[in-house]
Every structure is written in structure tokens, then in C-alpha cells.
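A.B. asks: What follows is coords17.cif, mmCIF, C-alpha atoms.
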```cif
data_final
#
loop_
_atom_site.label_atom_id
_atom_site.label_comp_id
_atom_site.auth_asym_id
_atom_site.auth_seq_id
_atom_site.Cartn_x
_atom_site.Cartn_y
_atom_site.Cartn_z
CA MET A 1 0.00 0.00 0.00
CA GLU A 2 1.17 3.51 -0.86
CA ILE A 3 0.43 5.77 2.10
CA LEU A 4 0.23 9.20 0.43
CA PRO A 5 -2.41 8.44 -2.24
CA PHE A 6 -4.34 6.38 0.31
CA LEU A 7 -4.48 9.27 2.81
CA ALA A 8 -5.31 11.78 0.06
CA GLY A 9 -8.18 9.55 -1.07
CA VAL A 10 -9.53 9.19 2.46
CA ILE A 11 -9.43 12.97 2.93
CA LEU A 12 -11.31 13.56 -0.33
CA LEU A 13 -13.91 10.96 0.60
CA ALA A 14 -14.36 12.54 4.02
CA LEU A 15 -14.84 15.97 2.45
CA GLY A 16 -17.34 14.63 -0.06
CA PHE A 17 -19.37 12.68 2.51
CA TRP A 18 -19.33 15.59 4.95
CA ASP A 19 -20.54 18.02 2.29
CA VAL A 20 -23.39 15.73 1.22
CA PHE A 21 -24.33 15.13 4.85
CA GLU A 22 -24.43 18.83 5.76
CA THR A 23 -26.08 19.95 2.52
CA ILE A 24 -28.84 17.36 2.28
CA VAL A 25 -29.27 15.47 5.54
CA VAL A 26 -28.84 18.18 8.19
CA PRO A 27 -32.02 20.37 8.16
CA ARG A 28 -30.43 23.43 9.73
CA PRO A 29 -27.70 26.02 9.02
CA THR A 30 -24.22 24.50 8.77
CA PRO A 31 -21.60 27.27 8.64
CA SER A 32 -18.64 24.87 8.43
CA ARG A 33 -15.94 26.16 6.09
CA LEU A 34 -15.01 22.59 5.15
CA ARG A 35 -18.08 22.41 2.92
CA LEU A 36 -17.29 22.36 -0.79
CA THR A 37 -20.63 23.85 -1.86
CA ARG A 38 -20.24 26.77 0.53
CA HIS A 39 -17.40 27.99 -1.71
CA ILE A 40 -18.69 26.81 -5.09
CA VAL A 41 -22.18 28.37 -5.17
CA PRO A 42 -21.36 32.00 -4.26
CA ARG A 43 -18.37 32.14 -6.61
CA THR A 44 -20.14 30.63 -9.58
CA TRP A 45 -23.15 32.91 -8.95
CA ARG A 46 -20.97 36.01 -9.13
CA LEU A 47 -19.61 34.88 -12.48
CA TRP A 48 -23.08 33.95 -13.76
CA ARG A 49 -24.50 37.28 -12.54
CA ALA A 50 -21.72 39.26 -14.22
CA ILE A 51 -22.54 37.59 -17.54
CA GLY A 52 -26.29 38.02 -17.03
CA GLU A 53 -26.06 41.71 -16.21
CA ARG A 54 -24.75 42.34 -19.71
CA ARG A 55 -28.15 41.34 -21.04
CA GLN A 56 -31.30 43.43 -20.94
CA GLY A 57 -34.91 42.90 -19.94
CA VAL A 58 -36.46 39.47 -20.28
CA ALA A 59 -33.26 37.94 -21.67
CA ARG A 60 -31.38 38.85 -18.49
CA ASP A 61 -34.09 37.48 -16.21
CA LEU A 62 -34.27 34.22 -18.16
CA PHE A 63 -30.52 33.80 -18.03
CA LEU A 64 -30.30 34.52 -14.29
CA GLY A 65 -33.22 32.16 -13.70
CA LEU A 66 -31.21 29.26 -15.12
CA TYR A 67 -28.54 29.52 -12.44
CA ALA A 68 -30.23 27.76 -9.51
CA PRO A 69 -31.24 24.61 -11.47
CA ALA A 70 -27.77 24.56 -13.04
CA ALA A 71 -26.19 24.95 -9.59
CA ALA A 72 -28.14 21.95 -8.30
CA VAL A 73 -26.74 19.85 -11.17
CA LEU A 74 -23.27 21.30 -10.47
CA LEU A 75 -23.49 20.20 -6.84
CA LEU A 76 -24.34 16.64 -7.91
CA ALA A 77 -21.45 16.63 -10.38
CA THR A 78 -19.08 18.01 -7.72
CA TRP A 79 -20.03 15.33 -5.22
CA ILE A 80 -19.67 12.53 -7.77
CA LEU A 81 -16.31 13.77 -9.07
CA THR A 82 -14.97 14.26 -5.53
CA LEU A 83 -15.99 10.75 -4.48
CA VAL A 84 -14.76 9.15 -7.70
CA LEU A 85 -11.39 10.83 -7.28
CA GLY A 86 -11.25 9.83 -3.62
CA TYR A 87 -12.01 6.18 -4.35
CA ALA A 88 -9.55 6.25 -7.26
CA LEU A 89 -6.73 7.43 -5.00
CA VAL A 90 -7.51 4.72 -2.43
CA LEU A 91 -7.63 2.05 -5.14
CA TYR A 92 -4.44 3.38 -6.72
CA ALA A 93 -2.71 2.89 -3.38
CA ILE A 94 -3.72 -0.81 -3.45
CA ARG A 95 -3.69 -1.32 -7.23
CA ASP A 96 -1.86 -4.65 -6.85
CA GLN A 97 -5.20 -6.06 -5.66
CA LEU A 98 -6.85 -5.30 -9.02
CA GLU A 99 -6.82 -7.62 -12.02
CA PRO A 100 -5.35 -6.84 -14.42
CA VAL A 101 -3.02 -4.56 -12.48
CA PRO A 102 -3.55 -1.02 -13.88
CA GLN A 103 -0.49 0.66 -15.28
CA ASP A 104 -1.56 4.25 -14.73
CA PHE A 105 -3.85 6.38 -12.57
CA GLY A 106 -6.28 6.96 -15.45
CA SER A 107 -7.18 3.27 -15.51
CA VAL A 108 -7.83 3.28 -11.76
CA LEU A 109 -9.95 6.43 -12.12
CA TYR A 110 -11.99 4.67 -14.79
CA PHE A 111 -12.52 1.65 -12.53
CA ALA A 112 -13.55 3.88 -9.60
CA GLY A 113 -16.04 5.67 -11.84
CA THR A 114 -17.64 2.45 -13.09
CA SER A 115 -17.84 1.17 -9.51
CA LEU A 116 -19.46 4.34 -8.15
CA LEU A 117 -21.92 4.58 -11.04
CA THR A 118 -22.58 0.80 -10.79
CA VAL A 119 -21.77 0.28 -14.47
CA GLY A 120 -19.43 -2.67 -13.92
CA TYR A 121 -18.12 -3.60 -17.38
CA GLY A 122 -15.95 -6.33 -15.89
CA ASP A 123 -12.77 -5.42 -17.78
CA MET A 124 -11.13 -4.81 -14.40
CA VAL A 125 -12.08 -6.63 -11.18
CA PRO A 126 -10.97 -6.40 -7.54
CA ALA A 127 -9.05 -9.49 -6.42
CA GLY A 128 -7.84 -8.59 -2.93
CA PRO A 129 -10.12 -8.22 0.14
CA LEU A 130 -9.50 -4.49 0.63
CA ALA A 131 -10.04 -3.71 -3.05
CA ARG A 132 -13.30 -5.66 -2.99
CA PHE A 133 -14.48 -3.74 0.06
CA VAL A 134 -13.61 -0.38 -1.53
CA SER A 135 -15.37 -1.23 -4.80
CA LEU A 136 -18.49 -2.36 -2.93
CA ALA A 137 -18.40 0.81 -0.83
CA ALA A 138 -18.13 2.88 -4.01
CA ALA A 139 -21.17 1.12 -5.52
CA ALA A 140 -23.21 1.65 -2.34
CA THR A 141 -22.12 5.29 -2.27
CA GLY A 142 -23.29 5.83 -5.84
CA LEU A 143 -26.75 4.45 -5.11
CA GLY A 144 -26.99 6.45 -1.90
CA ILE A 145 -25.92 9.71 -3.52
CA VAL A 146 -28.51 9.36 -6.29
CA ALA A 147 -31.28 8.61 -3.78
CA LEU A 148 -30.31 11.54 -1.56
CA VAL A 149 -30.06 13.97 -4.47
CA ILE A 150 -33.49 12.97 -5.79
CA THR A 151 -34.94 13.60 -2.32
CA PHE A 152 -33.01 16.87 -2.12
CA LEU A 153 -34.37 18.10 -5.46
CA PHE A 154 -37.96 17.26 -4.53
CA SER A 155 -37.49 19.13 -1.25
CA LEU A 156 -36.04 22.15 -3.04
CA PHE A 157 -38.80 22.35 -5.62
CA GLY A 158 -41.48 21.82 -2.98
CA SER A 159 -40.11 24.67 -0.86
CA TYR A 160 -39.78 26.87 -3.94
CA GLN A 161 -43.39 26.30 -4.99
CA ARG A 162 -44.73 26.98 -1.49
CA ARG A 163 -42.69 30.19 -1.38
CA GLU A 164 -44.05 31.44 -4.68
CA ILE A 165 -47.77 31.04 -3.90
CA LEU A 166 -48.04 34.17 -1.74
CA VAL A 167 -45.54 36.03 -3.92
CA VAL A 168 -47.75 35.54 -6.97
CA GLN A 169 -50.91 36.35 -5.01
CA LEU A 170 -49.36 39.62 -3.89
CA GLN A 171 -48.99 40.64 -7.52
CA ALA A 172 -52.77 41.09 -7.84
CA ARG A 173 -52.86 43.23 -4.71
CA ALA A 174 -49.68 45.29 -5.06
CA LYS A 175 -48.91 45.05 -8.80
CA ALA A 176 -45.52 43.98 -10.18
CA PRO A 177 -43.01 44.88 -8.93
CA PRO A 178 -44.95 45.05 -5.65
CA SER A 179 -45.35 48.31 -3.75
CA ALA A 180 -46.41 48.80 -0.15
CA VAL A 181 -48.26 52.00 -1.02
CA THR A 182 -50.09 50.32 -3.92
CA LEU A 183 -51.00 47.43 -1.63
CA LEU A 184 -52.56 49.72 0.97
CA GLU A 185 -54.26 51.82 -1.73
CA ASN A 186 -55.92 48.76 -3.25
CA TYR A 187 -57.10 47.42 0.11
CA ALA A 188 -58.74 50.77 0.89
CA ARG A 189 -60.30 51.32 -2.53
CA LEU A 190 -61.54 47.72 -2.89
CA ASP A 191 -63.05 47.73 0.62
CA LEU A 192 -60.66 45.00 1.79
CA VAL A 193 -59.34 46.75 4.90
CA ALA A 194 -60.95 44.11 7.13
CA GLU A 195 -58.84 41.46 5.34
CA LEU A 196 -55.52 43.25 5.89
CA PRO A 197 -54.88 41.44 9.21
CA GLU A 198 -55.27 38.11 7.40
CA LEU A 199 -52.71 39.22 4.80
CA PHE A 200 -50.19 40.10 7.52
CA ALA A 201 -50.87 36.78 9.29
CA ASP A 202 -50.27 34.85 6.05
CA TRP A 203 -46.96 36.64 5.52
CA GLU A 204 -45.97 36.02 9.13
CA ARG A 205 -46.35 32.27 8.50
CA TRP A 206 -44.63 32.65 5.12
CA SER A 207 -41.64 34.35 6.75
CA ALA A 208 -41.27 31.59 9.33
CA GLU A 209 -41.45 28.80 6.74
CA VAL A 210 -39.17 30.47 4.21
CA LEU A 211 -36.67 31.36 6.94
CA ASP A 212 -36.47 27.72 7.99
CA SER A 213 -36.09 26.36 4.44
CA HIS A 214 -33.78 29.03 2.99
CA VAL A 215 -31.31 28.97 5.86
CA ALA A 216 -31.27 25.16 5.92
CA TYR A 217 -30.82 24.97 2.12
CA PRO A 218 -29.00 28.16 1.06
CA ILE A 219 -29.35 27.38 -2.65
CA LEU A 220 -33.08 28.17 -2.44
CA PRO A 221 -32.67 31.99 -2.44
CA TYR A 222 -31.05 31.71 -5.87
CA PHE A 223 -34.25 30.30 -7.39
CA ARG A 224 -36.02 33.17 -9.17
CA SER A 225 -39.73 33.58 -9.65
CA SER A 226 -41.11 32.36 -12.97
CA HIS A 227 -43.27 35.50 -13.28
CA ASP A 228 -42.06 38.80 -14.74
CA ASN A 229 -41.14 41.65 -12.38
CA VAL A 230 -41.81 39.51 -9.30
CA SER A 231 -39.35 38.44 -6.64
CA TRP A 232 -39.65 37.06 -3.14
CA VAL A 233 -37.25 39.80 -1.97
CA SER A 234 -39.34 42.67 -3.31
CA ALA A 235 -42.55 40.96 -2.14
CA LEU A 236 -41.25 40.65 1.41
CA GLY A 237 -40.04 44.25 1.26
CA ALA A 238 -43.47 45.46 0.18
CA VAL A 239 -45.19 43.62 3.04
CA LEU A 240 -42.69 44.87 5.62
CA ASP A 241 -43.06 48.43 4.32
CA ALA A 242 -46.85 48.13 4.41
CA SER A 243 -46.77 46.92 8.01
CA ALA A 244 -44.31 49.70 8.89
CA LEU A 245 -46.70 52.30 7.43
CA VAL A 246 -49.59 50.77 9.39
CA LEU A 247 -47.60 50.95 12.62
CA THR A 248 -46.19 54.45 12.20
CA THR A 249 -48.29 56.44 9.72
CA ILE A 250 -51.84 55.12 9.33
CA GLU A 251 -54.55 55.63 11.93
CA ASP A 252 -56.70 52.70 13.05
CA GLY A 253 -54.72 50.00 11.23
CA PRO A 254 -54.30 46.35 12.34
CA THR A 255 -51.30 47.11 14.55
CA GLY A 256 -51.22 43.69 16.24
CA GLU A 257 -50.82 41.69 13.04
CA ALA A 258 -48.51 44.35 11.60
CA THR A 259 -46.26 44.06 14.66
CA MET A 260 -46.04 40.28 14.34
CA VAL A 261 -45.17 40.32 10.64
CA GLN A 262 -42.53 42.95 11.38
CA ARG A 263 -40.99 40.74 14.06
CA VAL A 264 -40.98 37.48 12.11
CA GLY A 265 -40.16 39.10 8.76
CA GLY A 266 -37.40 41.19 10.31
CA HIS A 267 -36.02 38.07 11.98
CA PHE A 268 -35.99 36.34 8.59
CA VAL A 269 -34.11 39.22 6.96
CA GLU A 270 -31.61 39.34 9.84
CA ASP A 271 -30.88 35.60 9.94
CA LEU A 272 -30.53 35.20 6.19
CA SER A 273 -28.30 38.28 6.00
CA ASN A 274 -26.11 36.99 8.82
CA PHE A 275 -25.72 33.67 7.01
CA PHE A 276 -24.51 35.43 3.85
CA GLY A 277 -22.37 37.89 5.82
CA TRP A 278 -24.28 41.14 5.24
CA ARG A 279 -24.12 43.60 8.11
CA ASN A 280 -27.00 45.91 8.84
CA GLU A 281 -26.61 49.65 8.51
CA PRO A 282 -29.31 51.59 10.41
CA MET A 283 -30.65 53.49 7.42
CA ALA A 284 -34.24 53.78 6.20
CA LEU A 285 -33.09 54.30 2.57
CA VAL A 286 -36.18 56.42 1.87
CA GLU A 287 -36.13 60.18 1.40
CA ARG A 288 -38.61 62.46 3.14
CA SER A 289 -40.05 63.53 -0.22
CA GLU A 290 -40.79 59.88 -1.08
CA PHE A 291 -42.48 59.37 2.27
CA ASP A 292 -44.60 62.52 1.87
CA ALA A 293 -45.66 61.42 -1.62
CA ALA A 294 -46.70 58.05 -0.18
CA CYS A 295 -48.76 59.78 2.50
CA GLU A 296 -50.60 61.85 -0.11
CA ARG A 297 -51.46 58.71 -2.07
CA LEU A 298 -52.71 56.97 1.07
CA LYS A 299 -54.87 59.99 1.97
CA ALA A 300 -56.37 59.98 -1.51
CA ALA A 301 -57.21 56.28 -1.13
CA GLY A 302 -59.13 56.97 2.09
CA TRP A 303 -56.63 56.23 4.86
CA ARG A 304 -56.36 58.60 7.82
CA ILE A 305 -52.76 59.74 8.32
CA ARG A 306 -51.11 60.71 11.59
CA ASP A 307 -49.00 63.81 12.06
CA GLN A 308 -46.47 63.40 9.27
CA ASP A 309 -43.45 64.77 11.11
CA ARG A 310 -43.88 62.30 13.96
CA ALA A 311 -44.87 59.54 11.57
CA TRP A 312 -41.74 60.16 9.51
CA GLN A 313 -39.45 59.82 12.53
CA ALA A 314 -41.17 56.61 13.63
CA PHE A 315 -41.09 55.21 10.10
CA VAL A 316 -37.37 55.92 9.77
CA GLY A 317 -36.64 54.14 13.04
CA LEU A 318 -38.68 51.07 12.14
CA ARG A 319 -37.52 50.73 8.52
CA SER A 320 -33.87 51.18 9.52
CA GLU A 321 -34.04 47.77 11.19
CA TYR A 322 -34.35 45.88 7.89
CA ALA A 323 -33.98 48.23 4.89
CA ALA A 324 -30.22 48.02 4.29
CA ARG A 325 -30.13 44.24 4.54
CA LEU A 326 -33.12 43.85 2.26
CA ASN A 327 -31.47 46.21 -0.21
CA ASP A 328 -28.31 44.06 -0.13
CA MET A 329 -30.40 40.99 -0.93
CA ALA A 330 -32.03 42.75 -3.88
CA LEU A 331 -28.63 43.77 -5.24
CA PHE A 332 -27.03 40.37 -4.71
CA TRP A 333 -29.81 38.39 -6.40
CA VAL A 334 -30.54 41.09 -9.02
CA THR A 335 -34.25 41.23 -8.25
CA PRO A 336 -36.67 43.36 -10.31
CA PRO A 337 -36.49 46.94 -8.96
CA ALA A 338 -39.47 47.95 -6.84
CA LEU A 339 -40.58 51.01 -4.86
CA TRP A 340 -38.04 51.52 -2.04
CA ILE A 341 -36.52 48.06 -2.65
CA GLY A 342 -33.71 47.67 -5.16
CA ASP A 343 -30.60 49.70 -5.77
CA ARG A 344 -30.91 52.47 -3.19
CA GLY A 345 -27.23 53.34 -3.42
CA VAL A 346 -27.93 56.97 -4.27
CA VAL A 347 -30.21 57.39 -1.27
CA ARG A 348 -27.68 55.59 0.92
CA HIS A 349 -25.08 58.28 0.24
CA LEU A 350 -27.29 61.38 0.30
CA PRO A 351 -26.71 63.54 3.39
CA SER A 352 -30.43 63.43 4.20
CA GLY A 353 -31.05 59.91 2.89
CA GLY A 354 -33.25 57.80 5.15
CA GLY A 355 -33.71 60.72 7.49
CA THR A 356 -30.31 60.17 9.08
#
```
As C-alpha cells, how would this structure be written, given the file I've shared?
C.D. replies:
Amino acid sequence: MEILPFLAGVILLALGFWDVFETIVVPRPTPSRLRLTRHIVPRTWRLWRAIGERRQGVARDLFLGLYAPAAAVLLLATWILTLVLGYALVLYAIRDQLEPVPQDFGSVLYFAGTSLLTVGYGDMVPAGPLARFVSLAAAATGLGIVALVITFLFSLFGSYQRREILVVQLQARAKAPPSAVTLLENYARLDLVAELPELFADWERWSAEVLDSHVAYPILPYFRSSHDNVSWVSALGAVLDASALVLTTIEDGPTGEATMVQRVGGHFVEDLSNFFGWRNEPMALVERSEFDAACERLKAAGWRIRDQDRAWQAFVGLRSEYAARLNDMALFWVTPPALWIGDRGVVRHLPSGGGT
């Protein structure tokens, strides 16, 4: 036995198994830096995004929408290649136990691949006890990886579809891209004010479920909506802004439900941002003129507005808790620009931006 290739193979196998275990099996955040996918997905996304941003309109959105499914396939390919290479190094260290004895590493790599993929052409067979054990382990690994990945994909697509139901429903209420002011206008004009608490309660549950799934499986945020000008980031931003307006600006709104969606939704934004390493900056990222214009629209729709100076100060304080992080998400995943959610870089650097 040759020690160096054997140890290198064991290390690669350990990395591959650990990555599969943490990515698929463990249903919670796993910040370990030993994970392969933790380094692959963000780096490939930045390259994909750079290429996509050269396109315009629908072509850009279609191209960016291909990334998440492609990344899922890339993860499977990475796991298989890592394990094949690991088994090949172990078998190369004990190649005397193979018949015929391979003359180069390429032949051993081929045998490891056929063992893992359970092809088994029979042109090379294990003769020694350790080689037989390794080849059987490779075959079992191949079957297990395929079964786990199929389960993983079904889980991803199920979580994605559940996430998109409320996002698409919001489009009818707040247009696309969604706007908090448009949402509140429509509820007032369509005599749906009594149903606003139910909307906030639905988005409170949505925030809890999406928080759990997107932090456990960090590839999920990369899946884009299949509908034009719609994104889960801008949808969440519209609901949080609407609840912030209810709590700070509108008289006689459903403050209880608005408070709960602020807490759970803000917790979601905070946890997901912490996972991706985005720090919060206490900035509302809305100018006073934008806030005053929103108040005029709400008055015209039939809402009673509190004293605007006090409302503005309260709104700035509440929105500063989530605005910068939500803006970072919108920039990172290149979501369709929406009112107050999107690239607010200009507002961020204005002396009076966000009321700060």
C-alpha cells in the first residue's frame, strides 16, 4: 500500500461525505468552512451574474433564472467527481489487488467511476479483500448519492413552490413589482381593509417557513420567480413596508398583526443576511419627499394619516431595522427593482437619505 495516495483519497472521501451530509441530511444552518458547496455556489453565482447583467430585460431574467437549477446539477457533479477521485486514489494505493493490475492512474480512475456509477463492465475486477471492500463501498455510495439527491431536489422544488404562492398572489394586490403603497391603496379602494390582518398573518407564516427552508438549504434563495417583475425579496419588502406604514403612519390600522409580521419578517431578513455575511446599517433608505408622496397617495385612497413629522421619525426608526439588509439581498440576487426596494445606493449616500 502507498500511504500518500491512500491518505489523500480518504481525505477527499471525508470531504465529499461531509458536504453531502451537511447539505442534504442536516435540516439546519451549517456554517462549516469545510463544505465544498459553501465555496462553489457564491463564486459561480458572481460569475453567472456578471454575464447576465450584460443582457437586458427578459433575456437577463431568463438567463439569471437558469442559475439555480444549473447549480443543483453542479453540486451533484461536484459530489460525484470528488468521491470518484477519492475512491480512485484509495484504489491506486492498493492497485496490486486489481486484475489486471492497472499501469496508470487513469485506468484506476476509470474503474472507480464504473464502480461508483454501478456500471461494472468487468474489464477490471478487484481481487484482494481491501479492493473488494472499496469497490463495494463505491457502488453503495453511488446508489446512496442518487437517492439523496433525488430527495433533495424534490425538497427544493417543494419549498420553492410553497414560497411562490403568496408572492404571486401579492402581484394582484400590489402590482408587479410590488409596492407597499399600492398594496394599501388597493385594500382601501376595494373595501378590503378588514382582510388586511389576514394578509399580515399569512406573511408572518410565510416568513417563518421560508426562513427555515432558505437557511437550511441556502441554494433556495437563488431560485427566481417564474413571473415577470416579481421576486420574493421585493414581495417581502413590500409587506414589511406596508406593516411599517400601518404601525407608524396610518390611523386605526391592524397594529397587532402588523407588529407580528414585522418581528418574524425582520427576523428572517436578519438571519438570512447573517448567514450570507451582510451587516445591517441603520438606514431607512427612503427620502422624506418619497415618504410625503406616499402619505398623499394613502390619503387619496381613504386612509387617515397621523401627524407626518412624527410619523416620519417613527417610520425611519422602524424601517432602519431591515432596509439596508433587504437592499443588499435585492442587489445580490438582481431582483426586479421595486418602490423603495432595489438599488438604493444613491439614497444611501445622500446627506439626508433615510432621514439620518
A.B. asks: Work out how far atom CA of Leu156 of chain A is from atom CA of Arg49 of chain A, in Å to one decimal.
C.D. replies: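 Going from atom CA of Arg49 of chain A over to atom CA of Leu156 of chain A, I get 21.3 Å.
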A.B. asks: Excluding Pro178 of chain A and its own-chain neighbours fewer than 3 positions away, which residues fall within 8 Å of it when counting only C-alpha atoms? Please give them as an MDAnalysis selection string.
C.D. replies: chainID A and resid 170:171 174:175 182:183 230 234:235 238 338:339
A.B. asks: Excluding segment 149-151 of chain A and any residue of its chain fewer than 3 positions from it, enumerate the residues within 9 Å of it, using only C-alpha atoms, and give them as a PyMOL selection string.
C.D. replies: chain A and resi 20+24+76+144-146+154-156
A.B. asks: Could you write out the selected residues, including C-alpha atoms, as a JSON list (two decimals), keeping the file's coordinate frame?
C.D. replies:
```
[["chain", "number", "residue", "atom", "x", "y", "z"],
["A", 20, "VAL", "CA", -23.39, 15.73, 1.22],
["A", 24, "ILE", "CA", -28.84, 17.36, 2.28],
["A", 76, "LEU", "CA", -24.34, 16.64, -7.91],
["A", 144, "GLY", "CA", -26.99, 6.45, -1.90],
["A", 145, "ILE", "CA", -25.92, 9.71, -3.52],
["A", 146, "VAL", "CA", -28.51, 9.36, -6.29],
["A", 154, "PHE", "CA", -37.96, 17.26, -4.53],
["A", 155, "SER", "CA", -37.49, 19.13, -1.25],
["A", 156, "LEU", "CA", -36.04, 22.15, -3.04]]
```
A.B. asks: In Å, with one decimal, what is the gap from atom CA of Ala311 of chain A to atom CA of Ala324 of chain A?
C.D. replies: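 It comes out at 20.0 Å.
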A.B. asks: Run the PyMOL selection byres ((chain A and resi 191-197) around 9) against the file shown and list the residues it catches, as number ranges by chain.
C.D. replies: A: 184, 186-190, 198-202, 253-258
A.B. asks: Taking only C-alpha atoms into account, which of A:Leu7, A:Ile94, A:Val101, A:Leu285 comes nearest Asp328 of chain A?
C.D. replies: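 Residue with the minimum atom-to-atom distance to Asp328 of chain A: A:Leu285.
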A.B. asks: Excluding segment 106-120 of chain A and any residue of its chain fewer than 2 positions from it, enumerate the residues within 6 Å of it, using all atoms listed in the file, and give them as a ChimeraX atom specification.
C.D. replies: /A:84,87-88,102,104,122,135,138-139,142
A.B. asks: Could you jot down the atom CA of Glu164 of chain A to atom CA of Gln262 of chain A separation for me, Å, one decimal place?
C.D. replies: 19.8 Å
A.B. asks: Set the distance at 8 Å and use all atoms listed in the file: which residues neighbour Leu166 of chain A once local chain neighbours fewer than 4 positions away are removed? I'd like the list as a ChimeraX atom specification.
C.D. replies: /A:162,170,203,206
A.B. asks: Could you check the closest approach to Pro177 of chain A for each of A:Ser225, A:Gln97, A:Ser231, A:Ser207 and tell me which residue wins, using only C-alpha atoms?
C.D. replies: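 Comparing A:Ser225, A:Gln97, A:Ser231, A:Ser207 against Pro177 of chain A, the winner is A:Ser231.
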A.B. asks: Please identify all polymer residues within 10 Å of Ala294 of chain A, counting all atoms listed in the file, omitting same-chain residues fewer than 5 positions from it, and present them as JSON, numbers by chain.
C.D. replies: {"A": [180, 181, 182, 185, 245, 288, 289, 299, 300]}
A.B. asks: Starting from the shown file, work through the PyMOL selection byres ((chain A and resi 264-273) around 9) and note down what comes out as a PDB file with C-alpha atoms, in the frame of the given file.
C.D. replies:
```
ATOM      1  CA  TRP A 203     -46.960  36.640   5.520  1.00  0.00           C
ATOM      2  CA  GLU A 204     -45.970  36.020   9.130  1.00  0.00           C
ATOM      3  CA  ARG A 205     -46.350  32.270   8.500  1.00  0.00           C
ATOM      4  CA  TRP A 206     -44.630  32.650   5.120  1.00  0.00           C
ATOM      5  CA  SER A 207     -41.640  34.350   6.750  1.00  0.00           C
ATOM      6  CA  ALA A 208     -41.270  31.590   9.330  1.00  0.00           C
ATOM      7  CA  VAL A 210     -39.170  30.470   4.210  1.00  0.00           C
ATOM      8  CA  LEU A 211     -36.670  31.360   6.940  1.00  0.00           C
ATOM      9  CA  ASP A 212     -36.470  27.720   7.990  1.00  0.00           C
ATOM     10  CA  HIS A 214     -33.780  29.030   2.990  1.00  0.00           C
ATOM     11  CA  VAL A 215     -31.310  28.970   5.860  1.00  0.00           C
ATOM     12  CA  PRO A 218     -29.000  28.160   1.060  1.00  0.00           C
ATOM     13  CA  LEU A 236     -41.250  40.650   1.410  1.00  0.00           C
ATOM     14  CA  VAL A 239     -45.190  43.620   3.040  1.00  0.00           C
ATOM     15  CA  LEU A 240     -42.690  44.870   5.620  1.00  0.00           C
ATOM     16  CA  THR A 259     -46.260  44.060  14.660  1.00  0.00           C
ATOM     17  CA  MET A 260     -46.040  40.280  14.340  1.00  0.00           C
ATOM     18  CA  VAL A 261     -45.170  40.320  10.640  1.00  0.00           C
ATOM     19  CA  GLN A 262     -42.530  42.950  11.380  1.00  0.00           C
ATOM     20  CA  ARG A 263     -40.990  40.740  14.060  1.00  0.00           C
ATOM     21  CA  ASN A 274     -26.110  36.990   8.820  1.00  0.00           C
ATOM     22  CA  PHE A 275     -25.720  33.670   7.010  1.00  0.00           C
ATOM     23  CA  PHE A 276     -24.510  35.430   3.850  1.00  0.00           C
ATOM     24  CA  GLY A 277     -22.370  37.890   5.820  1.00  0.00           C
ATOM     25  CA  TRP A 278     -24.280  41.140   5.240  1.00  0.00           C
ATOM     26  CA  ARG A 279     -24.120  43.600   8.110  1.00  0.00           C
ATOM     27  CA  ASN A 280     -27.000  45.910   8.840  1.00  0.00           C
ATOM     28  CA  GLU A 321     -34.040  47.770  11.190  1.00  0.00           C
ATOM     29  CA  TYR A 322     -34.350  45.880   7.890  1.00  0.00           C
ATOM     30  CA  ARG A 325     -30.130  44.240   4.540  1.00  0.00           C
ATOM     31  CA  LEU A 326     -33.120  43.850   2.260  1.00  0.00           C
ATOM     32  CA  ASP A 328     -28.310  44.060  -0.130  1.00  0.00           C
ATOM     33  CA  MET A 329     -30.400  40.990  -0.930  1.00  0.00           C
TER      34      MET A 329
END
```
A.B. asks: Going by the chain IDs and residue numbers used in this file, which residues fall under the PyMOL selection byres ((chain A and resi 320) around 12)? Write them as a ChimeraX atom specification.
C.D. replies: /A:240-241,244,266,280-286,312-319,321-327,348,353-356
A.B. asks: List as a PyMOL selection string the residues having at least one atom at most 8 Å from position (-6.6, -6.5, -11.3) as given in the file, counting only C-alpha atoms.
C.D. replies: chain A and resi 95-102+124-127
A.B. asks: Calculated over all atoms listed in the file, which of the candidates A:Ala176, A:Tyr222, A:Gly128, A:Pro337 has the smallest distance to Arg46 of chain A?
C.D. replies: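 Nearest candidate to Arg46 of chain A out of A:Ala176, A:Tyr222, A:Gly128, A:Pro337: A:Tyr222.
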A.B. asks: Out of A:Ala93, A:Ala59, A:Val334, A:Ala72, which residue has the shortest atom-to-atom distance to Thr23 of chain A when counting only C-alpha atoms?
C.D. replies: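 Smallest separation from Thr23 of chain A among the options: A:Ala72.
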A.B. asks: When you count only C-alpha atoms, which of these residues is closest to Asp19 of chain A: A:Ala293, A:Ala71, A:Ile80, A:Val134?
C.D. replies: A:Ile80
A.B. asks: Filtering to C-alpha atoms, could segment 226-263 of chain A of the supplied structure be written out as a compact mmCIF listing (two decimals), in the first residue's frame?
C.D. replies:
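decode-v5.txt was written with the following content:
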```
# COMPACT_ATOMS: atom_id res chain seq x y z
CA SER A 226 -41.11 32.36 -12.97
CA HIS A 227 -43.27 35.50 -13.28
CA ASP A 228 -42.06 38.80 -14.74
CA ASN A 229 -41.14 41.65 -12.38
CA VAL A 230 -41.81 39.51 -9.30
CA SER A 231 -39.35 38.44 -6.64
CA TRP A 232 -39.65 37.06 -3.14
CA VAL A 233 -37.25 39.80 -1.97
CA SER A 234 -39.34 42.67 -3.31
CA ALA A 235 -42.55 40.96 -2.14
CA LEU A 236 -41.25 40.65 1.41
CA GLY A 237 -40.04 44.25 1.26
CA ALA A 238 -43.47 45.46 0.18
CA VAL A 239 -45.19 43.62 3.04
CA LEU A 240 -42.69 44.87 5.62
CA ASP A 241 -43.06 48.43 4.32
CA ALA A 242 -46.85 48.13 4.41
CA SER A 243 -46.77 46.92 8.01
CA ALA A 244 -44.31 49.70 8.89
CA LEU A 245 -46.70 52.30 7.43
CA VAL A 246 -49.59 50.77 9.39
CA LEU A 247 -47.60 50.95 12.62
CA THR A 248 -46.19 54.45 12.20
CA THR A 249 -48.29 56.44 9.72
CA ILE A 250 -51.84 55.12 9.33
CA GLU A 251 -54.55 55.63 11.93
CA ASP A 252 -56.70 52.70 13.05
CA GLY A 253 -54.72 50.00 11.23
CA PRO A 254 -54.30 46.35 12.34
CA THR A 255 -51.30 47.11 14.55
CA GLY A 256 -51.22 43.69 16.24
CA GLU A 257 -50.82 41.69 13.04
CA ALA A 258 -48.51 44.35 11.60
CA THR A 259 -46.26 44.06 14.66
CA MET A 260 -46.04 40.28 14.34
CA VAL A 261 -45.17 40.32 10.64
CA GLN A 262 -42.53 42.95 11.38
CA ARG A 263 -40.99 40.74 14.06
```
